[in-house]
Amino acid sequence: MKQLKVITSVLLLLITLVSCKTETSNSLENDLAVYQCPMQCEGDKTYREPGSCSICKMNLKQIEKASEKLINAEISEESIFNLTSTWYTEEGEDIQLKALKGKTLVMVMIYTSCKAACPRLVADMRSIEAKVPDNNIKNLQFVLISIDPETDTPERLKTFAIENAMDGEQWTFLQGTESGIREFANVLSVKYKEISPIDFSHSNIISVFNAEGELKHQQEGLGVNNKETIDAILELTQ
């Protein structure tokens, strides 16, 4: 009887573990799915979550699914996908950073009302994009994170994206919480400080992450030679 109880307990444990693994896999698969209006009312615009088109009201269609390799891959201790803060995109969608998993990430921290360094950083990001071949761009995501969440609402970020011709699907803008932004800045070794209600001093760093969210390269300074950054991107997006 004692042996039977032990066997039963082991079987129950195995069932529980399999169930948890399945739920985790399904959760990751859902996080990495991409949806689009079947009528493409908004061109190539895509969404991270299911829903309906804001124009024709048809249900969004899933057009992309995470590969089995990505679903089952473990996140390393060095990955930014371990961060659990909630962010809002320029489209008003709430995501966690792990929603960006699967593509090489080129990330920079700015604020839209900046009149000095940030326009140069934006120009550097645009310069990097222009030097990456189209075949590599599809595996690349440019992410601009605001350090001024009070001013840089999703609506403001959307306007900024359009004004700077950065509203294509390869561009993402994020608004976070004060704590989430500070946590992420620490990961990137970016220092920033509010020096007035509308002005910040901050580091000028562009960071490149692989598809698993691990930091692979950083470019520091404004208007610097970006050859090494391009080389790192091309290697990661082959």
# chains A, B, ... in the order shown; residues from 1 in each chain; ligands from 1
call {"tool": "select_by_dssp", "arguments": {"residues": "segment 34-199 of chain A", "states": "strand (DSSP E)", "output": "number ranges by chain"}}
result
A: 34-36, 61-64, 87-89, 94-95, 104-110, 140-146, 171-175, 192-196, 199
call {"tool": "write_last_selection", "arguments": {"atoms": "N, CA, C and O atoms", "output": "CSV table (one decimal), in the first residue's frame"}}
result
chain,number,residue,atom,x,y,z
A,34,VAL,N,1.3,37.5,-34.1
A,34,VAL,CA,1.1,38.8,-34.7
A,34,VAL,C,-0.2,38.8,-35.4
A,34,VAL,O,-0.5,37.8,-36.1
A,35,TYR,N,-1.0,39.8,-35.3
A,35,TYR,CA,-2.3,39.9,-35.9
A,35,TYR,C,-2.5,41.1,-36.9
A,35,TYR,O,-1.8,42.1,-36.7
A,36,GLN,N,-3.3,40.9,-37.8
A,36,GLN,CA,-3.5,42.0,-38.8
A,36,GLN,C,-4.9,42.0,-39.4
A,36,GLN,O,-5.6,40.9,-39.4
A,61,LYS,N,-6.7,38.9,-38.0
A,61,LYS,CA,-6.3,37.5,-38.4
A,61,LYS,C,-4.8,37.3,-37.9
A,61,LYS,O,-4.0,38.2,-38.1
A,62,GLN,N,-4.6,36.2,-37.4
A,62,GLN,CA,-3.2,35.9,-37.0
A,62,GLN,C,-2.4,35.6,-38.2
A,62,GLN,O,-2.7,34.7,-39.0
A,63,ILE,N,-1.3,36.3,-38.4
A,63,ILE,CA,-0.5,36.1,-39.6
A,63,ILE,C,0.9,35.6,-39.3
A,63,ILE,O,1.7,35.3,-40.2
A,64,GLU,N,1.3,35.5,-38.1
A,64,GLU,CA,2.6,35.0,-37.7
A,64,GLU,C,2.6,34.3,-36.4
A,64,GLU,O,1.8,34.7,-35.5
A,87,TRP,N,4.8,48.3,-20.4
A,87,TRP,CA,5.1,49.4,-21.3
A,87,TRP,C,3.9,49.6,-22.2
A,87,TRP,O,3.1,48.7,-22.5
A,88,TYR,N,3.8,50.9,-22.7
A,88,TYR,CA,2.7,51.2,-23.7
A,88,TYR,C,3.4,51.7,-25.0
A,88,TYR,O,4.3,52.5,-25.0
A,89,THR,N,2.9,51.1,-26.1
A,89,THR,CA,3.5,51.4,-27.4
A,89,THR,C,2.8,52.7,-27.9
A,89,THR,O,1.9,53.2,-27.3
A,94,ASP,N,-0.5,47.7,-24.4
A,94,ASP,CA,0.4,47.5,-23.2
A,94,ASP,C,1.1,46.1,-23.5
A,94,ASP,O,0.5,45.1,-23.8
A,95,ILE,N,2.4,46.1,-23.3
A,95,ILE,CA,3.2,45.0,-23.5
A,95,ILE,C,4.3,44.9,-22.4
A,95,ILE,O,4.5,45.8,-21.7
A,104,THR,N,16.2,40.9,-33.7
A,104,THR,CA,17.3,41.7,-33.2
A,104,THR,C,16.8,43.1,-32.8
A,104,THR,O,16.0,43.7,-33.6
A,105,LEU,N,17.2,43.6,-31.7
A,105,LEU,CA,16.6,44.9,-31.2
A,105,LEU,C,17.7,46.0,-31.2
A,105,LEU,O,18.8,45.7,-30.7
A,106,VAL,N,17.4,47.1,-31.7
A,106,VAL,CA,18.3,48.3,-31.7
A,106,VAL,C,17.6,49.3,-30.8
A,106,VAL,O,16.5,49.8,-31.2
A,107,MET,N,18.1,49.6,-29.6
A,107,MET,CA,17.3,50.4,-28.6
A,107,MET,C,18.0,51.6,-28.2
A,107,MET,O,19.3,51.7,-28.1
A,108,VAL,N,17.3,52.7,-28.0
A,108,VAL,CA,17.8,54.0,-27.5
A,108,VAL,C,16.8,54.6,-26.6
A,108,VAL,O,15.6,54.4,-26.7
A,109,MET,N,17.3,55.4,-25.6
A,109,MET,CA,16.4,56.1,-24.7
A,109,MET,C,16.5,57.6,-25.0
A,109,MET,O,17.6,58.2,-25.1
A,110,ILE,N,15.3,58.2,-25.3
A,110,ILE,CA,15.2,59.6,-25.7
A,110,ILE,C,14.0,60.3,-25.0
A,110,ILE,O,13.3,59.6,-24.2
A,140,LEU,N,14.6,42.8,-37.8
A,140,LEU,CA,15.1,43.8,-36.9
A,140,LEU,C,14.0,44.7,-36.4
A,140,LEU,O,13.0,45.0,-37.1
A,141,GLN,N,14.1,45.2,-35.2
A,141,GLN,CA,13.2,46.1,-34.6
A,141,GLN,C,13.9,47.2,-33.9
A,141,GLN,O,14.8,47.0,-33.1
A,142,PHE,N,13.6,48.5,-34.3
A,142,PHE,CA,14.2,49.7,-33.7
A,142,PHE,C,13.2,50.1,-32.6
A,142,PHE,O,12.0,50.3,-32.8
A,143,VAL,N,13.7,50.3,-31.4
A,143,VAL,CA,12.9,50.6,-30.2
A,143,VAL,C,13.4,51.9,-29.5
A,143,VAL,O,14.6,51.9,-29.2
A,144,LEU,N,12.5,52.9,-29.4
A,144,LEU,CA,12.9,54.1,-28.8
A,144,LEU,C,12.0,54.2,-27.5
A,144,LEU,O,10.8,54.2,-27.5
A,145,ILE,N,12.7,54.3,-26.4
A,145,ILE,CA,12.1,54.3,-25.1
A,145,ILE,C,12.2,55.7,-24.5
A,145,ILE,O,13.3,56.3,-24.4
A,146,SER,N,11.1,56.3,-24.1
A,146,SER,CA,11.1,57.7,-23.5
A,146,SER,C,11.5,57.7,-22.1
A,146,SER,O,11.1,56.8,-21.3
A,171,TRP,N,9.6,50.1,-36.5
A,171,TRP,CA,9.8,51.0,-35.4
A,171,TRP,C,8.8,50.9,-34.3
A,171,TRP,O,7.6,50.7,-34.5
A,172,THR,N,9.3,50.9,-33.1
A,172,THR,CA,8.4,50.8,-31.9
A,172,THR,C,8.8,51.9,-30.9
A,172,THR,O,10.0,52.1,-30.6
A,173,PHE,N,7.9,52.6,-30.3
A,173,PHE,CA,8.1,53.6,-29.3
A,173,PHE,C,7.4,53.1,-28.0
A,173,PHE,O,6.3,52.6,-28.1
A,174,LEU,N,8.1,53.3,-26.9
A,174,LEU,CA,7.6,52.8,-25.6
A,174,LEU,C,7.5,53.9,-24.5
A,174,LEU,O,8.5,54.7,-24.4
A,175,GLN,N,6.4,53.9,-23.9
A,175,GLN,CA,6.2,54.8,-22.7
A,175,GLN,C,6.1,53.8,-21.5
A,175,GLN,O,5.4,52.8,-21.5
A,192,TYR,N,20.4,59.2,-16.6
A,192,TYR,CA,19.6,60.4,-17.0
A,192,TYR,C,19.1,61.1,-15.7
A,192,TYR,O,19.0,60.5,-14.6
A,193,LYS,N,18.9,62.4,-15.8
A,193,LYS,CA,18.5,63.2,-14.7
A,193,LYS,C,17.6,64.4,-15.2
A,193,LYS,O,18.0,65.0,-16.1
A,194,GLU,N,16.5,64.6,-14.5
A,194,GLU,CA,15.7,65.7,-14.8
A,194,GLU,C,16.3,67.0,-14.3
A,194,GLU,O,16.6,67.1,-13.1
A,195,ILE,N,16.5,68.0,-15.1
A,195,ILE,CA,17.1,69.2,-14.7
A,195,ILE,C,16.2,70.4,-14.7
A,195,ILE,O,16.5,71.5,-14.3
A,196,SER,N,15.0,70.1,-15.3
A,196,SER,CA,13.9,71.1,-15.3
A,196,SER,C,12.6,70.3,-15.6
A,196,SER,O,12.7,69.1,-16.1
A,199,ASP,N,13.2,69.3,-19.3
A,199,ASP,CA,14.6,69.0,-19.8
A,199,ASP,C,15.3,68.0,-18.9
A,199,ASP,O,15.1,67.9,-17.7
call {"tool": "residues_around", "arguments": {"residues": "Ile55 of chain A", "least_positions_apart": "6", "cutoff": "10 Å", "atoms": "only C-alpha atoms", "output": "list in words"}}
result
Cys37, Met39, Gln40, Cys41 and Glu42 of chain A
call {"tool": "residues_around", "arguments": {"residues": "segment 116-132 of chain A", "least_positions_apart": "3", "cutoff": "7 Å", "atoms": "only C-alpha atoms", "output": "ChimeraX atom specification"}}
result
/A:110-111,136-137,222-223,230
call {"tool": "residues_around", "arguments": {"residues": "Asn210 of chain A", "least_positions_apart": "3", "cutoff": "9 Å", "atoms": "only C-alpha atoms", "output": "ChimeraX atom specification"}}
result
/A:101-105,213-216,233,236-237
call {"tool": "write_last_selection", "arguments": {"atoms": "C-alpha atoms", "output": "compact mmCIF listing (two decimals), in the first residue's frame"}}
result
# COMPACT_ATOMS: atom_id res chain seq x y z
CA LYS A 101 11.42 38.47 -28.51
CA GLY A 102 12.40 36.91 -31.82
CA LYS A 103 14.00 39.92 -33.54
CA THR A 104 17.31 41.73 -33.16
CA LEU A 105 16.63 44.92 -31.20
CA GLY A 213 17.24 39.84 -25.46
CA GLU A 214 20.94 39.64 -24.62
CA LEU A 215 23.08 42.77 -25.02
CA LYS A 216 25.63 42.32 -27.83
CA ILE A 233 23.34 44.01 -36.66
CA LEU A 236 22.65 38.98 -35.79
CA THR A 237 20.07 39.30 -38.58
call {"tool": "closest_residue", "arguments": {"among": "A:Ile147, A:Gln170, A:Lys115, A:Glu212", "to": "Lys98 of chain A", "atoms": "only C-alpha atoms"}}
result
A:Glu212
